[in-house]
$ cat entry.cif   # mmCIF, C-alpha atoms
data_query
loop_
_atom_site.label_atom_id
_atom_site.label_comp_id
_atom_site.auth_asym_id
_atom_site.auth_seq_id
_atom_site.Cartn_x
_atom_site.Cartn_y
_atom_site.Cartn_z
CA MET A 24 81.87 104.80 135.95
CA PHE A 25 85.08 105.37 134.05
CA ARG A 26 88.34 106.89 135.12
CA LYS A 27 88.52 110.42 133.81
CA LYS A 28 91.31 109.70 131.34
CA ASN A 29 89.18 107.08 129.60
CA ILE A 30 85.96 109.06 129.32
CA LEU A 31 84.59 109.49 125.80
CA ILE A 32 83.23 112.85 124.82
CA PHE A 33 81.38 111.93 121.62
CA SER A 34 79.81 114.23 119.09
CA SER A 35 76.41 115.64 119.81
CA LEU A 36 76.11 116.62 116.17
CA PRO A 37 73.79 114.48 114.03
CA ILE A 38 75.57 111.37 112.78
CA ALA A 39 74.74 112.28 109.19
CA ILE A 40 76.78 115.49 109.41
CA PHE A 41 79.64 113.66 111.12
CA LEU A 42 79.83 110.97 108.45
CA ILE A 43 79.44 113.40 105.54
CA THR A 44 82.56 115.12 106.88
CA PHE A 45 84.20 111.71 107.20
CA PHE A 46 83.55 110.54 103.68
CA ARG A 47 84.17 113.85 101.95
CA ILE A 48 87.24 114.99 103.80
CA GLY A 49 88.69 111.96 105.45
CA ASN A 50 87.89 108.61 104.05
CA ILE A 51 89.99 108.99 100.96
CA ASN A 52 89.56 105.61 99.18
CA LEU A 53 92.85 105.03 97.36
CA SER A 54 92.95 104.26 93.64
CA GLU A 55 96.26 103.50 92.03
CA ASP A 56 97.53 106.39 89.92
CA LYS A 57 97.94 104.97 86.43
CA LYS A 58 99.80 107.94 85.03
CA ILE A 59 102.99 107.79 87.06
CA SER A 60 105.77 109.53 85.20
CA ILE A 61 109.17 110.67 86.38
CA SER A 62 109.98 114.24 85.48
CA SER A 63 113.49 115.23 84.57
CA SER A 64 112.90 118.50 86.38
CA GLU A 65 114.60 118.76 89.75
CA SER A 66 111.80 120.88 91.19
CA LYS A 67 108.07 120.55 90.75
CA LYS A 68 105.34 122.79 92.09
CA VAL A 69 102.64 120.72 93.77
CA ILE A 70 99.21 121.53 95.19
CA ALA A 71 97.69 119.10 97.69
CA LEU A 72 93.92 119.12 98.15
CA THR A 73 93.94 116.79 101.19
CA SER A 74 95.76 117.20 104.47
CA LEU A 75 97.33 113.75 104.24
CA SER A 76 98.73 114.26 100.74
CA ALA A 77 100.11 117.64 101.84
CA ASP A 78 101.81 115.93 104.77
CA LEU A 79 103.30 113.22 102.56
CA ILE A 80 104.56 115.68 99.97
CA SER A 81 106.17 117.93 102.59
CA ASN A 82 108.11 114.90 103.82
CA ILE A 83 109.21 114.02 100.29
CA SER A 84 110.21 117.55 99.24
CA GLU A 85 110.11 120.54 101.59
CA LYS A 86 109.97 123.07 98.74
CA ALA A 87 107.48 121.34 96.43
CA LEU A 88 104.20 122.46 98.03
CA VAL A 89 102.70 125.68 96.67
CA GLY A 90 99.09 125.14 97.77
CA ILE A 91 97.31 123.26 100.55
CA PRO A 92 93.78 122.76 101.94
CA GLY A 93 92.51 124.72 104.91
CA SER A 94 92.83 121.91 107.43
CA SER A 95 92.92 122.06 111.23
CA ILE A 96 95.67 119.44 111.12
CA LEU A 97 97.89 121.46 108.78
CA LYS A 98 97.44 124.62 110.84
CA LYS A 99 99.56 122.95 113.52
CA ASN A 100 102.43 122.42 111.06
CA GLU A 101 104.78 125.41 111.26
CA GLN A 102 106.53 124.42 108.01
CA LEU A 103 103.31 124.92 106.05
CA ARG A 104 102.17 128.16 107.68
CA ASN A 105 103.00 130.46 104.74
CA ILE A 106 101.73 128.22 101.95
CA PRO A 107 98.57 129.52 100.18
CA ILE A 108 95.27 127.81 101.05
CA VAL A 109 93.22 126.72 98.02
CA SER A 110 90.20 125.15 99.70
CA SER A 111 88.21 125.37 102.92
CA GLY A 112 86.02 122.80 104.70
CA ARG A 113 83.74 120.81 102.42
CA MET A 114 83.67 123.52 99.76
CA PRO A 115 85.16 122.69 96.34
CA PRO A 116 88.73 123.97 95.81
CA ASN A 117 89.19 127.42 94.27
CA LEU A 118 90.04 126.49 90.69
CA GLU A 119 91.15 129.98 89.71
CA LYS A 120 93.54 130.19 92.64
CA ILE A 121 94.96 126.76 91.83
CA ILE A 122 95.63 127.76 88.23
CA SER A 123 97.20 131.06 89.32
CA LEU A 124 99.79 129.14 91.35
CA LYS A 125 100.91 127.36 88.13
CA PRO A 126 101.30 123.88 89.62
CA ASP A 127 102.95 121.00 87.79
CA LEU A 128 100.97 118.49 89.83
CA VAL A 129 97.73 118.53 91.83
CA VAL A 130 96.85 115.74 94.27
CA GLY A 131 93.23 115.24 95.32
CA ALA A 132 90.80 112.69 96.74
CA LYS A 133 88.98 110.39 94.38
CA GLY A 134 85.22 110.88 94.65
CA PHE A 135 85.45 114.37 96.13
CA HIS A 136 87.86 116.26 93.88
CA ASP A 137 87.01 114.50 90.61
CA LYS A 138 85.54 117.57 88.87
CA THR A 139 88.44 119.80 89.87
CA LEU A 140 91.07 117.27 88.86
CA SER A 141 89.31 116.59 85.55
CA LYS A 142 89.28 120.29 84.66
CA LEU A 143 92.96 120.58 85.56
CA ASN A 144 93.72 117.54 83.41
CA ASP A 145 91.98 119.25 80.50
CA LEU A 146 94.34 122.18 81.01
CA GLY A 147 97.35 119.89 80.80
CA ILE A 148 98.13 119.86 84.52
CA ASP A 149 99.22 116.49 85.89
CA THR A 150 96.97 115.04 88.61
CA VAL A 151 96.88 112.17 91.11
CA TYR A 152 93.62 110.76 92.45
CA THR A 153 94.10 109.35 95.96
CA SER A 154 92.04 106.87 97.94
CA ILE A 155 93.17 105.27 101.20
CA SER A 156 91.30 102.42 102.83
CA ASN A 157 94.24 100.50 104.32
CA PHE A 158 97.87 100.88 105.34
CA GLU A 159 99.17 99.41 102.10
CA ASP A 160 97.36 102.17 100.21
CA LEU A 161 99.20 104.75 102.32
CA GLU A 162 102.57 103.17 101.58
CA LYS A 163 101.76 102.97 97.87
CA LEU A 164 100.71 106.62 97.73
CA TYR A 165 103.95 107.69 99.43
CA ARG A 166 106.01 105.75 96.86
CA ASN A 167 103.97 107.05 93.93
CA LEU A 168 104.29 110.67 95.02
CA ALA A 169 108.04 110.19 95.41
CA LEU A 170 108.16 108.93 91.80
CA LYS A 171 106.10 111.88 90.62
CA LEU A 172 108.54 114.27 92.27
CA ASN A 173 111.56 112.30 91.08
CA ALA A 174 112.70 112.23 94.70
CA LYS A 175 115.66 110.12 95.70
CA ASN A 176 116.73 108.95 99.16
CA ILE A 177 113.44 109.88 100.79
CA LYS A 178 112.93 109.11 104.46
CA PRO A 179 111.23 105.70 104.78
CA LEU A 180 107.65 105.84 106.02
CA LYS A 181 108.74 103.40 108.69
CA GLN A 182 110.93 106.12 110.22
CA ILE A 183 108.13 108.71 110.07
CA LEU A 184 105.44 106.45 111.54
CA GLU A 185 107.63 104.81 114.14
CA ASN A 186 104.71 103.60 116.26
CA CYS A 187 102.96 101.96 113.32
CA TYR A 188 105.61 99.30 112.65
CA PRO A 189 106.00 97.67 116.06
CA ILE A 190 105.14 94.11 115.11
CA ASN A 191 107.70 92.42 112.89
CA ASN A 192 107.40 88.92 114.30
CA GLU A 193 104.91 86.98 112.18
CA SER A 194 104.32 84.54 115.03
CA PHE A 195 103.07 87.36 117.26
CA SER A 196 99.38 87.03 118.09
CA ASN A 197 97.44 89.58 120.11
CA LYS A 198 94.62 87.70 121.83
CA LYS A 199 92.74 90.80 123.00
CA ASN A 200 89.35 91.29 121.38
CA ILE A 201 87.83 94.69 120.78
CA VAL A 202 84.92 96.56 119.27
CA ALA A 203 85.35 100.10 118.00
CA LEU A 204 82.35 102.44 118.16
CA VAL A 205 82.12 105.53 115.96
CA SER A 206 78.54 106.49 116.82
CA SER A 207 75.75 105.44 119.15
CA ARG A 208 72.60 106.11 117.10
CA PRO A 209 72.98 104.04 115.01
CA ILE A 210 75.76 102.00 116.61
CA LEU A 211 78.37 101.98 113.87
CA SER A 212 81.60 99.99 113.96
CA PRO A 213 84.42 99.50 111.42
CA ASN A 214 84.81 96.11 109.80
CA GLN A 215 87.82 94.84 107.83
CA ASN A 216 87.07 97.06 104.81
CA SER A 217 87.84 100.38 106.52
CA TRP A 218 91.00 102.29 107.40
CA ALA A 219 90.21 101.88 111.10
CA GLY A 220 89.54 98.16 110.74
CA ASN A 221 92.78 97.65 108.83
CA LEU A 222 94.83 99.62 111.37
CA ILE A 223 93.30 97.63 114.24
CA SER A 224 94.16 94.36 112.50
CA LYS A 225 97.73 95.57 111.99
CA PHE A 226 98.15 95.34 115.75
CA LYS A 227 96.74 91.78 115.76
CA PHE A 228 93.66 92.63 117.78
CA ILE A 229 90.61 90.45 117.32
CA ASN A 230 88.03 92.88 115.93
CA LEU A 231 84.70 91.21 116.73
CA ALA A 232 82.99 93.22 113.99
CA THR A 233 85.57 92.49 111.30
CA ASP A 234 83.52 89.97 109.31
CA ILE A 235 80.10 91.57 109.69
CA THR A 236 78.80 92.71 106.31
CA ASN A 237 75.34 94.17 106.87
CA LYS A 238 74.61 96.96 104.44
CA THR A 239 74.97 100.60 105.43
CA GLU A 240 75.49 103.68 103.29
CA PHE A 241 78.99 104.02 104.76
CA LYS A 242 81.45 101.60 103.20
CA GLY A 243 83.56 99.74 105.75
CA TYR A 244 81.15 100.43 108.63
CA VAL A 245 78.40 98.17 109.93
CA ASN A 246 75.42 98.55 112.23
CA LEU A 247 75.60 96.75 115.58
CA SER A 248 72.57 96.06 117.73
CA PRO A 249 72.59 96.40 121.54
CA GLU A 250 71.72 92.69 121.65
CA TRP A 251 74.80 91.83 119.59
CA LEU A 252 77.04 93.85 121.90
CA LEU A 253 75.53 92.19 124.95
CA LYS A 254 76.02 88.71 123.48
CA SER A 255 79.57 89.40 122.19
CA GLN A 256 80.79 91.05 125.41
CA PRO A 257 83.93 92.70 123.98
CA GLU A 258 86.86 92.83 126.39
CA ASN A 259 87.82 96.30 125.16
CA LEU A 260 85.87 99.17 123.63
CA LEU A 261 87.43 101.85 121.45
CA VAL A 262 85.30 104.99 121.26
CA ILE A 263 85.85 108.00 119.04
CA LYS A 264 86.14 111.53 120.37
CA THR A 265 85.04 114.45 118.24
CA PRO A 266 84.44 118.13 119.12
CA GLY A 267 81.16 118.72 120.94
CA SER A 268 80.67 115.07 121.81
CA ASP A 269 78.85 113.75 124.87
CA LEU A 270 79.25 110.45 126.75
CA SER A 271 75.57 110.40 127.69
CA GLN A 272 74.80 109.00 124.23
CA TYR A 273 76.47 105.78 125.26
CA GLU A 274 75.33 105.76 128.86
CA SER A 275 71.75 105.93 127.61
CA ILE A 276 72.10 102.65 125.69
CA SER A 277 70.04 100.15 127.65
CA ILE A 278 72.77 97.48 127.89
CA TRP A 279 75.75 99.84 128.33
CA ASN A 280 76.30 99.10 132.02
CA ASP A 281 75.95 95.37 131.35
CA LEU A 282 79.02 95.28 129.13
CA LYS A 283 82.16 93.67 130.53
CA ALA A 284 84.43 96.34 129.03
CA VAL A 285 82.40 99.05 130.77
CA ASN A 286 82.49 97.35 134.15
CA ASP A 287 86.19 96.54 133.81
CA ASN A 288 86.93 100.14 132.75
CA LYS A 289 88.41 98.97 129.45
CA ILE A 290 87.23 101.99 127.48
CA TYR A 291 89.81 103.70 125.28
CA THR A 292 89.14 107.04 123.62
CA PHE A 293 90.60 107.86 120.21
CA ASP A 294 90.53 111.06 118.21
CA TYR A 295 88.58 111.02 114.95
CA TYR A 296 91.71 111.97 112.99
CA GLY A 297 94.17 109.13 112.92
CA LEU A 298 92.00 106.10 113.62
CA ILE A 299 88.89 106.92 111.56
CA ASN A 300 90.17 109.55 109.15
CA PRO A 301 93.91 109.13 108.38
CA GLY A 302 94.20 112.92 108.04
CA GLY A 303 97.94 113.30 108.62
CA LEU A 304 101.08 111.39 109.52
CA LYS A 305 101.33 112.68 113.09
CA VAL A 306 97.76 111.76 113.99
CA ILE A 307 98.18 108.32 112.40
CA ASP A 308 101.31 107.74 114.47
CA GLU A 309 99.51 108.87 117.63
CA ALA A 310 96.66 106.42 116.92
CA CYS A 311 99.21 103.63 116.44
CA LYS A 312 100.91 104.53 119.71
CA LYS A 313 97.64 104.33 121.58
CA LEU A 314 96.70 101.02 119.95
CA SER A 315 100.05 99.56 121.01
CA SER A 316 99.37 100.59 124.63
CA ILE A 317 96.10 98.67 124.98
#

$ encode --input "entry.cif" --output "structure tokens"
Amino acid sequence: MFRKKNILIFSSLPIAIFLITFFRIGNINLSEDKKISISSSESKKVIALTSLSADLISNISEKALVGIPGSSILKKNEQLRNIPIVSSGRMPPNLEKIISLKPDLVVGAKGFHDKTLSKLNDLGIDTVYTSISNFEDLEKLYRNLALKLNAKNIKPLKQILENCYPINNESFSNKKNIVALVSSRPILSPNQNSWAGNLISKFKFINLATDITNKTEFKGYVNLSPEWLLKSQPENLLVIKTPGSDLSQYESISIWNDLKAVNDNKIYTFDYYGLINPGGLKVIDEACKKLSSI
């Protein structure tokens, strides 16, 4: 059995619901904004339709945000408490409310906010389509938003995400191997084409699932069989904690107690936001901190 601090409490909700939430709200797959233009105006009014873009914008310009999504992450940010909410959950944003706030720029997720952003474009409102699948995408988005807001002397992302830039020595090599599990039925794990996979590789871990490319409906995630896990014998297991989750899902896997990581108590729990869904800067930094402690 595991020490209490390492116990996973995984979601008892159906995996389909969990991953719909992931791909609609969280897995923002970054496309480069091709309409970057620097405004001569010193102050722009911006509406963010994702929690991460709201977080980035608030770090670039404290007064720019005039609308944000109804996110559990943003509710913890005192600076954003009085900013109007323009969307809730997986529901489409309130277009009328967005227009009433008279924004100069609206930032949304490609694939989820396309219709809203297209309508706003037709009305002459500038838009940015975001999509983040790796750390470079995050850095690029931060720079692009700074250009959009004509911001100068912004705080470097390196100073905001202090725990995410620990490895500057190119010769450094982390020999620890891992497998990250995001569900048990099916057993899904991130490969190199996901945000989680990219963040894991940033810390030089050997992700045993990184090169697996079997087809699933969830880009960047692959199915693992119990037999593969038993044969691979990962030294460390990263498991994702979501509200309402239950460890019995994993304990019921026939080979669970035959895994080296289980017997060696090398189980590390991670929150969904940060490692799987970037969500916000604070949760990303917390995920980085935990990765660095393994």

$ resolve_selection --input "entry.cif" --expression "the PyMOL selection byres ((chain A and resi 297-306) around 6)" --output "list in words"
Gly49, Asn50, Ser74, Leu75, Ala219, Tyr295, Tyr296, Ile307, Asp308, Glu309 and Ala310 of chain A

$ closest_residue --input "entry.cif" --among "A:Asn288, A:Leu124, A:Val69, A:Asn176" --to "Val151 of chain A" --atoms "all atoms listed in the file"
A:Val69

$ closest_residue --input "entry.cif" --among "A:Leu252, A:Lys238, A:Ser315, A:Asn286" --to "Cys187 of chain A" --atoms "all atoms listed in the file"
A:Ser315

$ closest_residue --input "entry.cif" --among "A:Thr292, A:Asn280, A:Ser141, A:Thr236" --to "Gln256 of chain A" --atoms "all atoms listed in the file"
A:Asn280

$ atom_distance --input "entry.cif" --atom1 "atom CA of Tyr152 of chain A" --atom2 "atom CA of Glu185 of chain A"
26.5 Å
